[in-house]
>>> print(open('entry.tsv').read())   # TSV, C-alpha atoms
chain	number	residue	atom	x	y	z
D	1	VAL	CA	0.00	0.00	0.00
D	2	LEU	CA	2.80	2.43	0.93
D	3	ARG	CA	4.59	1.75	-2.34
D	4	GLY	CA	1.40	2.31	-4.30
D	5	LEU	CA	0.73	5.64	-2.58
D	6	THR	CA	4.24	7.02	-3.04
D	7	VAL	CA	6.59	5.21	-5.42
D	8	ASP	CA	4.02	4.18	-8.01
D	9	ARG	CA	1.81	7.25	-7.86
D	10	TYR	CA	4.38	10.05	-7.63
D	11	ASP	CA	7.50	8.22	-8.83
D	12	MET	CA	9.12	8.73	-5.43
D	13	SER	CA	12.26	6.88	-4.45
D	14	GLU	CA	12.26	4.38	-1.59
D	15	GLY	CA	13.67	7.18	0.53
D	16	GLY	CA	10.68	9.30	-0.39
D	17	ALA	CA	8.37	6.55	0.79
D	18	HIS	CA	10.15	6.55	4.14
D	19	LEU	CA	9.85	10.34	4.21
D	20	PHE	CA	6.09	9.99	3.77
D	21	MET	CA	5.94	7.77	6.85
D	22	SER	CA	8.15	10.04	8.94
D	23	ALA	CA	6.36	13.27	7.92
D	24	SER	CA	3.63	12.53	10.44
D	25	LEU	CA	6.30	12.61	13.16
D	26	VAL	CA	6.97	16.26	12.32
D	27	GLY	CA	3.32	17.17	12.81
D	28	ALA	CA	3.12	15.15	16.01
D	29	THR	CA	6.18	16.95	17.40
D	30	ILE	CA	4.65	20.35	16.66
D	31	VAL	CA	1.32	19.45	18.26
D	32	ALA	CA	2.96	17.97	21.37
D	33	GLY	CA	4.12	21.46	22.35
D	34	PHE	CA	0.64	22.87	22.84
D	35	ALA	CA	-1.64	19.83	23.26
D	36	SER	CA	-2.36	20.61	26.92
D	37	ARG	CA	-3.18	24.22	26.09
D	38	LEU	CA	-5.70	23.18	23.44
D	39	ARG	CA	-7.24	20.65	25.83
D	40	ARG	CA	-7.72	23.27	28.54
D	41	ARG	CA	-9.01	25.91	26.15
D	42	PHE	CA	-11.52	23.87	24.17
D	43	GLY	CA	-12.25	20.88	26.40
D	44	LEU	CA	-11.94	17.17	25.77
D	45	LYS	CA	-15.07	16.69	23.68
D	46	ARG	CA	-14.35	19.47	21.21
D	47	VAL	CA	-10.71	18.51	20.82
D	48	VAL	CA	-11.53	14.85	20.12
D	49	CYS	CA	-14.34	15.63	17.68
D	50	ILE	CA	-12.51	18.39	15.79
D	51	SER	CA	-9.18	16.53	15.64
D	52	ALA	CA	-10.82	13.31	14.43
D	53	ALA	CA	-12.80	15.24	11.80
D	54	MET	CA	-9.62	16.99	10.64
D	55	ASN	CA	-7.87	13.64	10.47
D	56	ALA	CA	-10.70	12.31	8.29
D	57	VAL	CA	-10.57	15.26	5.88
D	58	LEU	CA	-6.78	15.12	5.60
D	59	LEU	CA	-6.72	11.36	4.95
D	60	ILE	CA	-9.34	11.63	2.22
D	61	THR	CA	-7.46	14.60	0.73
D	62	MET	CA	-4.32	12.47	0.38
D	63	ALA	CA	-6.36	9.88	-1.53
D	64	PHE	CA	-6.52	12.32	-4.46
D	65	PRO	CA	-3.50	12.87	-6.75
D	66	ILE	CA	-2.57	16.29	-5.36
D	67	GLY	CA	1.18	15.97	-5.95
D	68	ALA	CA	4.08	14.64	-3.91
D	69	PHE	CA	4.93	17.88	-2.06
D	70	ALA	CA	1.30	18.66	-1.22
D	71	THR	CA	0.80	15.09	-0.01
D	72	LEU	CA	3.78	15.38	2.34
D	73	CYS	CA	2.45	18.69	3.71
D	74	VAL	CA	-0.98	17.18	4.34
D	75	ARG	CA	0.72	14.17	5.93
D	76	VAL	CA	2.44	16.50	8.42
D	77	MET	CA	-0.92	18.00	9.44
D	78	GLU	CA	-2.54	14.57	9.60
D	79	GLY	CA	0.16	13.37	11.99
D	80	GLY	CA	-0.61	16.24	14.35
D	81	ALA	CA	-4.35	15.62	14.29
D	82	ASP	CA	-3.87	11.90	14.84
D	83	LEU	CA	-1.61	12.42	17.85
D	84	MET	CA	-3.99	14.96	19.35
D	85	VAL	CA	-6.82	12.43	19.47
D	86	CYS	CA	-4.60	9.75	20.99
D	87	ALA	CA	-3.02	12.08	23.56
D	88	VAL	CA	-6.22	13.60	24.97
D	89	LEU	CA	-8.00	10.25	25.17
D	90	PHE	CA	-5.13	8.55	27.00
D	91	ASP	CA	-4.82	11.54	29.33
D	92	ARG	CA	-8.55	11.28	30.05
D	93	ILE	CA	-8.18	7.57	30.83
D	94	ALA	CA	-5.17	8.20	33.07
D	95	SER	CA	-6.94	10.92	35.06
D	96	SER	CA	-10.20	9.00	35.56
D	97	GLY	CA	-10.90	6.65	38.43
D	98	GLN	CA	-8.58	5.62	41.24
D	99	ARG	CA	-4.83	6.21	41.01
D	100	ALA	CA	-4.22	2.69	42.32
D	101	GLN	CA	-5.86	1.24	39.17
D	102	ARG	CA	-4.19	3.57	36.67
D	103	GLY	CA	-2.04	0.83	35.18
D	104	ALA	CA	-5.03	-1.41	34.54
D	105	ARG	CA	-6.95	1.37	32.78
D	106	LEU	CA	-4.04	2.45	30.62
D	107	GLY	CA	-3.12	-1.17	29.92
D	108	LEU	CA	-6.61	-1.99	28.70
D	109	ALA	CA	-6.65	1.13	26.52
D	110	ALA	CA	-3.23	0.31	25.05
D	111	THR	CA	-4.24	-3.30	24.38
D	112	THR	CA	-7.35	-2.08	22.58
D	113	MET	CA	-5.25	0.38	20.54
D	114	MET	CA	-2.71	-2.30	19.56
D	115	ILE	CA	-5.46	-4.68	18.46
D	116	GLY	CA	-6.97	-1.84	16.45
D	117	ILE	CA	-3.62	-1.19	14.75
D	118	ALA	CA	-3.25	-4.86	13.88
D	119	THR	CA	-6.80	-4.94	12.51
D	120	GLY	CA	-6.13	-1.81	10.47
D	121	ILE	CA	-3.00	-3.35	8.95
D	122	LEU	CA	-4.96	-6.47	8.01
D	123	LEU	CA	-7.89	-4.54	6.53
D	124	GLY	CA	-5.52	-2.13	4.78
D	125	GLY	CA	-3.86	-4.99	2.96
D	126	ILE	CA	-7.26	-6.30	1.84
D	127	ILE	CA	-8.76	-2.92	0.86
D	128	GLY	CA	-5.61	-1.71	-0.89
D	129	ARG	CA	-5.18	-4.70	-3.19
D	130	THR	CA	-6.83	-2.99	-6.15
D	131	ASP	CA	-6.39	0.69	-5.28
D	132	PRO	CA	-4.09	1.79	-2.42
D	133	ALA	CA	-5.84	5.16	-2.25
D	134	MET	CA	-8.96	3.43	-0.96
D	135	VAL	CA	-7.08	2.69	2.27
D	136	LEU	CA	-6.90	6.43	2.93
D	137	VAL	CA	-10.61	6.82	2.15
D	138	ALA	CA	-11.48	3.97	4.51
D	139	GLY	CA	-9.28	5.47	7.23
D	140	GLY	CA	-10.92	8.84	6.72
D	141	LEU	CA	-14.39	7.36	7.07
D	142	ALA	CA	-13.31	5.57	10.25
D	143	CYS	CA	-12.01	8.86	11.72
D	144	MET	CA	-15.24	10.61	10.77
D	145	GLY	CA	-17.11	7.87	12.59
D	146	LEU	CA	-14.92	8.49	15.65
D	147	SER	CA	-15.72	12.20	15.46
D	148	LEU	CA	-19.47	11.51	15.35
D	149	LEU	CA	-19.15	8.98	18.18
D	150	GLY	CA	-17.30	11.54	20.28
D	151	ALA	CA	-20.10	14.03	19.69
D	152	LEU	CA	-22.72	11.55	20.87
D	153	LEU	CA	-20.92	10.10	23.89
D	154	PRO	CA	-20.75	11.98	27.22
D	155	LEU	CA	-17.03	12.78	27.17
D	156	GLY	CA	-17.05	15.01	30.24
D	157	GLU	CA	-13.99	16.34	32.02
D	158	PRO	CA	-13.04	14.34	35.14
D	159	GLU	CA	-13.55	16.11	38.44
D	160	GLN	CA	-10.55	15.44	40.63
D	161	SER	CA	-10.66	16.43	44.27
D	162	VAL	CA	-7.01	15.51	44.72
D	163	ARG	CA	-4.15	16.05	42.32
D	164	ALA	CA	-0.80	14.58	43.30
D	165	TYR	CA	2.42	16.01	41.92
D	166	PRO	CA	5.37	13.61	41.77
D	167	LEU	CA	8.64	14.28	43.53
D	168	VAL	CA	10.54	14.82	40.31
D	169	SER	CA	12.00	18.08	39.02
D	170	GLU	CA	9.93	20.09	36.55
D	171	ARG	CA	12.55	19.67	33.85
D	172	SER	CA	13.19	15.93	34.11
D	173	ARG	CA	9.88	14.32	35.04
D	174	MET	CA	8.77	13.63	31.44
D	175	MET	CA	12.28	12.74	30.29
D	176	VAL	CA	12.08	9.44	32.18
D	177	PRO	CA	9.15	7.80	30.32
D	178	MET	CA	10.12	9.52	27.06
D	179	LEU	CA	13.59	7.99	27.15
D	180	GLN	CA	12.12	4.61	28.03
D	181	ILE	CA	9.51	4.56	25.27
D	182	PHE	CA	12.11	5.81	22.77
D	183	ALA	CA	14.33	2.82	23.58
D	184	ASP	CA	11.37	0.41	23.60
D	185	ARG	CA	10.08	1.52	20.23
D	186	ALA	CA	13.56	1.68	18.69
D	187	THR	CA	14.03	-1.97	19.63
D	188	ALA	CA	10.56	-2.73	18.30
D	189	GLY	CA	11.70	-1.24	15.01
D	190	LEU	CA	14.63	-3.65	15.10
D	191	LEU	CA	12.26	-6.58	15.64
D	192	VAL	CA	10.01	-5.73	12.68
D	193	THR	CA	12.76	-4.82	10.19
D	194	THR	CA	16.17	-6.31	10.98
D	195	ALA	CA	14.94	-9.48	12.69
D	196	PRO	CA	12.88	-10.60	9.65
D	197	LEU	CA	15.91	-10.04	7.42
D	198	PHE	CA	18.01	-12.16	9.78
D	199	LEU	CA	15.41	-14.94	9.87
D	200	ALA	CA	15.14	-15.01	6.08
D	201	ARG	CA	18.80	-14.60	5.12
D	202	GLU	CA	20.67	-16.35	7.90
D	203	LEU	CA	18.22	-19.03	9.04
D	204	GLY	CA	16.36	-19.60	5.77
D	205	PHE	CA	12.84	-18.96	7.06
D	206	GLY	CA	10.10	-18.43	4.51
D	207	SER	CA	7.53	-15.65	4.68
D	208	ALA	CA	5.21	-17.80	6.83
D	209	GLY	CA	7.96	-18.58	9.33
D	210	VAL	CA	9.07	-14.97	9.56
D	211	GLY	CA	5.52	-13.66	9.86
D	212	SER	CA	4.53	-16.17	12.54
D	213	ARG	CA	7.48	-15.28	14.75
D	214	VAL	CA	7.29	-11.51	14.43
D	215	GLY	CA	3.49	-11.68	14.64
D	216	THR	CA	3.70	-13.75	17.83
D	217	ILE	CA	5.82	-11.09	19.51
D	218	MET	CA	3.43	-8.30	18.54
D	219	LEU	CA	0.26	-10.23	19.36
D	220	VAL	CA	1.44	-11.35	22.79
D	221	MET	CA	2.64	-7.82	23.53
D	222	ALA	CA	-0.74	-6.34	22.59
D	223	ILE	CA	-2.67	-8.81	24.74
D	224	GLY	CA	-0.18	-8.62	27.61
D	225	ILE	CA	-0.21	-4.85	28.20
D	226	TRP	CA	-3.47	-5.02	30.17
D	227	PRO	CA	-2.40	-7.70	32.71
D	228	MET	CA	1.02	-6.08	32.93
D	229	GLY	CA	-0.70	-2.80	33.74
D	230	ARG	CA	-2.45	-4.51	36.63
D	231	LEU	CA	0.91	-5.87	37.76
D	232	VAL	CA	2.35	-2.35	37.67
D	233	ASP	CA	-0.49	-1.26	39.97
D	234	ARG	CA	0.51	-3.95	42.47
D	235	LEU	CA	4.32	-3.78	42.33
D	236	GLY	CA	5.03	-0.29	41.03
D	237	PRO	CA	6.44	0.64	37.62
D	238	TRP	CA	10.12	0.47	38.52
D	239	LYS	CA	10.08	-3.13	39.74
D	240	VAL	CA	8.21	-4.24	36.63
D	241	ARG	CA	10.50	-2.14	34.45
D	242	ALA	CA	13.67	-3.55	35.96
D	243	SER	CA	12.66	-7.22	35.74
D	244	CYS	CA	11.26	-6.93	32.21
D	245	THR	CA	14.31	-4.97	31.02
D	246	ILE	CA	16.70	-7.67	32.22
D	247	ALA	CA	14.70	-10.43	30.53
D	248	PHE	CA	14.10	-8.38	27.38
D	249	VAL	CA	17.70	-7.33	26.73
D	250	LEU	CA	18.96	-10.86	27.35
D	251	SER	CA	16.39	-12.14	24.85
D	252	ILE	CA	17.41	-9.57	22.24
D	253	ALA	CA	21.11	-10.30	22.72
D	254	CYS	CA	20.47	-14.04	22.39
D	255	LEU	CA	17.96	-13.71	19.55
D	256	PRO	CA	20.08	-15.62	16.97
D	257	VAL	CA	20.22	-18.60	19.34
D	258	LEU	CA	16.56	-18.38	20.36
D	259	MET	CA	15.37	-18.28	16.75
D	260	ASP	CA	17.41	-21.37	15.83
D	261	ILE	CA	15.73	-23.87	18.14
D	262	GLY	CA	12.95	-25.03	15.84
D	263	ALA	CA	9.36	-24.79	16.97
D	264	TRP	CA	10.51	-23.70	20.43
D	265	SER	CA	11.39	-20.34	18.88
D	266	LEU	CA	7.68	-19.50	18.86
D	267	LEU	CA	7.65	-19.87	22.65
D	268	ALA	CA	10.71	-17.61	22.84
D	269	CYS	CA	8.88	-15.03	20.72
D	270	ALA	CA	5.88	-15.22	23.04
D	271	CYS	CA	8.16	-14.58	26.03
D	272	ILE	CA	9.70	-11.57	24.29
D	273	GLY	CA	6.18	-10.24	23.75
D	274	VAL	CA	5.42	-10.64	27.47
D	275	PHE	CA	8.57	-8.72	28.43
D	276	ALA	CA	7.79	-5.99	25.89
D	277	SER	CA	4.27	-5.55	27.27
D	278	GLY	CA	5.72	-4.98	30.74
D	279	LEU	CA	8.06	-2.33	29.37
D	280	PHE	CA	5.21	-0.43	27.71
D	281	ALA	CA	2.90	-0.70	30.70
D	282	SER	CA	5.52	0.64	33.13
D	283	ALA	CA	6.53	3.49	30.82
D	284	ILE	CA	3.01	4.75	30.19
D	285	VAL	CA	2.19	4.67	33.92
D	286	LEU	CA	5.30	6.75	34.63
D	287	ALA	CA	4.16	9.16	31.88
D	288	SER	CA	0.76	9.52	33.51
D	289	ARG	CA	2.35	10.13	36.94
D	290	ALA	CA	4.33	13.03	35.52
D	291	ARG	CA	0.98	14.89	35.47
D	292	ASN	CA	1.76	16.86	32.31
D	293	GLY	CA	-1.71	16.26	30.93
D	294	ALA	CA	-2.40	15.84	27.22
D	295	GLY	CA	0.90	17.53	26.39
D	296	GLY	CA	2.76	14.91	28.38
D	297	MET	CA	0.96	12.07	26.64
D	298	ALA	CA	1.61	13.72	23.28
D	299	SER	CA	5.32	14.01	24.09
D	300	PHE	CA	5.35	10.39	25.25
D	301	TYR	CA	3.89	9.06	22.00
D	302	THR	CA	6.03	11.39	19.90
D	303	ALA	CA	9.16	10.02	21.60
D	304	GLY	CA	7.94	6.51	20.86
D	305	ASN	CA	7.33	7.32	17.19
D	306	ALA	CA	10.79	8.88	16.99
D	307	GLY	CA	12.30	5.70	18.43
D	308	PHE	CA	10.45	3.54	15.93
D	309	PHE	CA	11.82	5.74	13.15
D	310	VAL	CA	15.41	5.84	14.44
D	311	GLY	CA	15.62	2.14	15.38
D	312	PRO	CA	15.55	0.65	11.87
D	313	LEU	CA	17.91	3.36	10.57
D	314	LEU	CA	20.42	2.69	13.33
D	315	ALA	CA	20.07	-1.07	12.82
D	316	GLY	CA	20.82	-0.65	9.13
D	317	VAL	CA	23.94	1.37	9.89
D	318	LEU	CA	25.13	-1.18	12.46
D	319	VAL	CA	24.53	-4.17	10.20
D	320	SER	CA	26.49	-2.52	7.40
D	321	GLY	CA	29.26	-1.46	9.76
D	322	PHE	CA	29.66	-4.84	11.42
D	323	ALA	CA	29.62	-6.56	8.03
D	324	ALA	CA	32.45	-4.30	6.85
D	325	MET	CA	34.41	-5.21	9.99
D	326	GLY	CA	34.08	-8.92	9.23
D	327	THR	CA	31.90	-9.54	12.30
D	328	SER	CA	28.65	-11.47	12.22
D	329	PRO	CA	26.51	-8.41	11.43
D	330	PHE	CA	23.09	-9.44	12.71
D	331	ALA	CA	24.28	-11.04	15.95
D	332	ALA	CA	26.48	-8.03	16.75
D	333	THR	CA	23.60	-5.63	15.99
D	334	PHE	CA	21.26	-7.48	18.35
D	335	VAL	CA	23.86	-7.33	21.13
D	336	ALA	CA	24.45	-3.63	20.48
D	337	PHE	CA	20.72	-2.89	20.72
D	338	ALA	CA	20.51	-4.89	23.95
D	339	PHE	CA	23.22	-2.71	25.48
D	340	LEU	CA	21.61	0.48	24.17
D	341	HIS	CA	18.22	-0.47	25.59
D	342	ALA	CA	19.68	-1.39	28.97
D	343	GLY	CA	21.66	1.85	28.99
D	344	CYS	CA	18.54	3.92	28.33
D	345	THR	CA	16.71	2.24	31.22
D	346	VAL	CA	19.64	2.83	33.57
D	347	ALA	CA	19.85	6.45	32.41
D	348	SER	CA	16.12	6.98	32.99
D	349	ARG	CA	16.43	5.61	36.53
D	350	TRP	CA	19.39	7.91	37.15
D	351	ILE	CA	17.40	10.92	35.89
D	352	ALA	CA	14.54	10.08	38.23
D	353	SER	CA	16.55	9.09	41.30
D	354	PRO	CA	17.62	12.49	42.73
D	355	ASP	CA	14.08	13.72	43.37
D	356	ARG	CA	12.04	10.54	43.33
D	357	ALA	CA	10.77	8.94	46.52
D	358	THR	CA	9.52	5.38	46.50
D	359	ASP	CA	7.68	3.17	48.87
D	360	PRO	CA	8.86	-0.39	49.60
D	361	GLY	CA	6.74	-1.64	46.68
D	362	GLY	CA	8.35	0.69	44.17
D	363	ALA	CA	5.37	3.01	43.72
D	364	VAL	CA	5.68	6.77	43.98
D	365	ARG	CA	4.84	8.16	47.42
D	366	GLU	CA	2.32	10.81	46.55
D	367	THR	CA	3.31	13.26	49.24
D	368	GLY	CA	3.14	16.98	48.90
D	369	VAL	CA	-0.44	16.65	47.68
D	370	THR	CA	-2.25	19.78	46.60
D	371	THR	CA	-6.03	19.70	46.86
D	372	VAL	CA	-7.94	21.34	44.06
D	373	SER	CA	-11.27	20.85	42.35
D	374	ARG	CA	-10.92	21.50	38.69
D	375	ALA	CA	-10.75	19.67	35.37
D	376	ALA	CA	-7.57	17.86	34.44
>>> encode(input="entry.tsv", output="structure tokens")
Amino acid sequence: VLRGLTVDRYDMSEGGAHLFMSASLVGATIVAGFASRLRRRFGLKRVVCISAAMNAVLLITMAFPIGAFATLCVRVMEGGADLMVCAVLFDRIASSGQRAQRGARLGLAATTMMIGIATGILLGGIIGRTDPAMVLVAGGLACMGLSLLGALLPLGEPEQSVRAYPLVSERSRMMVPMLQIFADRATAGLLVTTAPLFLARELGFGSAGVGSRVGTIMLVMAIGIWPMGRLVDRLGPWKVRASCTIAFVLSIACLPVLMDIGAWSLLACACIGVFASGLFASAIVLASRARNGAGGMASFYTAGNAGFFVGPLLAGVLVSGFAAMGTSPFAATFVAFAFLHAGCTVASRWIASPDRATDPGGAVRETGVTTVSRAA
């Protein structure tokens, strides 16, 4: 579908096709700077309905042959509108209900989102067989339906009698989950780009074998975010983060061995998906505890998108570099990513440690509470 929308339609290069995908990141980065301000000024319901409607119009606009440059410009705006909807809804979910069940709520929402993404990929492949532009039309109609649904549903602002501010400096509190999700998504980019190449070239897997293993990781991760969110509520995000990071980086470093054990490799992929779901659940709970509202959630998802963009690029550079050095390129790249991911987690803990207080279970002690009664 991507090739049909870019290379075939506008005679773009493969680099241009990648630029089309990354253009949305530019719009998301711009919107992240004032997402909270828009949420406070216009309210949740208006922001969701207007942003979803804008997303619909922009997607349908790109379905027409308006030219390569105009398409990229519209893609930038569409990325901002898309992130705005996601950010305000996740902020609404985080700020609703009891703080002790925040991980479960965010985990359920993230699981639903991941299943929706997988469904969209499947339907996109079916719809775009004859005309790739119809995928954009279908996406636009879906966003218009979301806008109408938002207008009909009672999306009121949550009334919070207590707002707790974490014991983290104003400058660094969002850097912690942003660094974590950047590393998580960069490694996810490795798993969906470099790992399939390794499985096909080095181990001789066919398309079915590659798809089943990568798909198992993503499916288990999507399903596992909800129960992992509940686990974060019980143990605290840092304990879950630490244990899942250790297991995850060891799995990535040993990926060549784990993928070469026959049918047991599917079980190894399922375990990697479990570890990845714990990483996401802990990171998004830490993002919600930073209390930066919709802007914080927007920054969180923008950092994740940036990681997913940088990960495959860095993996490509490392594979080429290690190959030129005469080293086993894929195995060395997996080990390098394992060290980079572990380093980012250690760095995020170091950033948080000077001002962060924890209870014996690893959860933030919500002291210094300010009582207010206003919308989030």
>>> closest_atom_pairs(input="entry.tsv", of="range 62-103 of chain D", to="range 37-48 of chain D", cutoff="10 Å", atoms="all atoms listed in the file", output="Markdown table")
| residue | atom | partner | partner_atom | distance |
| --- | --- | --- | --- | --- |
| D:Ala81 | CA | D:Val48 | CA | 9.3 |
| D:Asp82 | CA | D:Val48 | CA | 9.8 |
| D:Met84 | CA | D:Val48 | CA | 7.6 |
| D:Val85 | CA | D:Val48 | CA | 5.3 |
| D:Cys86 | CA | D:Val48 | CA | 8.6 |
| D:Ala87 | CA | D:Val48 | CA | 9.6 |
| D:Val88 | CA | D:Leu44 | CA | 6.8 |
| D:Leu89 | CA | D:Val48 | CA | 7.7 |
| D:Asp91 | CA | D:Leu44 | CA | 9.8 |
| D:Arg92 | CA | D:Leu44 | CA | 8.0 |
>>> closest_residue(input="entry.tsv", among="D:Ala303, D:Ala222, D:Val135, D:Ala94", to="Ile121 in chain D", atoms="all atoms listed in the file")
D:Val135
>>> atom_distance(input="entry.tsv", atom1="CA of Gln101 in chain D", atom2="CA of Ser282 in chain D")
12.9 Å
>>> residues_near_point(input="entry.tsv", point="(-14.7, 3.9, 4.0)", cutoff="12 Å", atoms="all atoms listed in the file", output="number ranges by chain")
D: 56, 59-60, 63, 123-124, 127-128, 133-145
>>> write_last_selection(input="entry.tsv", atoms="C-alpha atoms", output="short mmCIF file (atom, residue, chain, number, x, y, z; two decimals), in the coordinates of the input")
data_model
loop_
_atom_site.label_atom_id
_atom_site.label_comp_id
_atom_site.auth_asym_id
_atom_site.auth_seq_id
_atom_site.Cartn_x
_atom_site.Cartn_y
_atom_site.Cartn_z
CA ALA D 56 -10.70 12.31 8.29
CA LEU D 59 -6.72 11.36 4.95
CA ILE D 60 -9.34 11.63 2.22
CA ALA D 63 -6.36 9.88 -1.53
CA LEU D 123 -7.89 -4.54 6.53
CA GLY D 124 -5.52 -2.13 4.78
CA ILE D 127 -8.76 -2.92 0.86
CA GLY D 128 -5.61 -1.71 -0.89
CA ALA D 133 -5.84 5.16 -2.25
CA MET D 134 -8.96 3.43 -0.96
CA VAL D 135 -7.08 2.69 2.27
CA LEU D 136 -6.90 6.43 2.93
CA VAL D 137 -10.61 6.82 2.15
CA ALA D 138 -11.48 3.97 4.51
CA GLY D 139 -9.28 5.47 7.23
CA GLY D 140 -10.92 8.84 6.72
CA LEU D 141 -14.39 7.36 7.07
CA ALA D 142 -13.31 5.57 10.25
CA CYS D 143 -12.01 8.86 11.72
CA MET D 144 -15.24 10.61 10.77
CA GLY D 145 -17.11 7.87 12.59
#
>>> atom_distance(input="entry.tsv", atom1="CA of His341 in chain D", atom2="CA of Ala183 in chain D")
5.5 Å
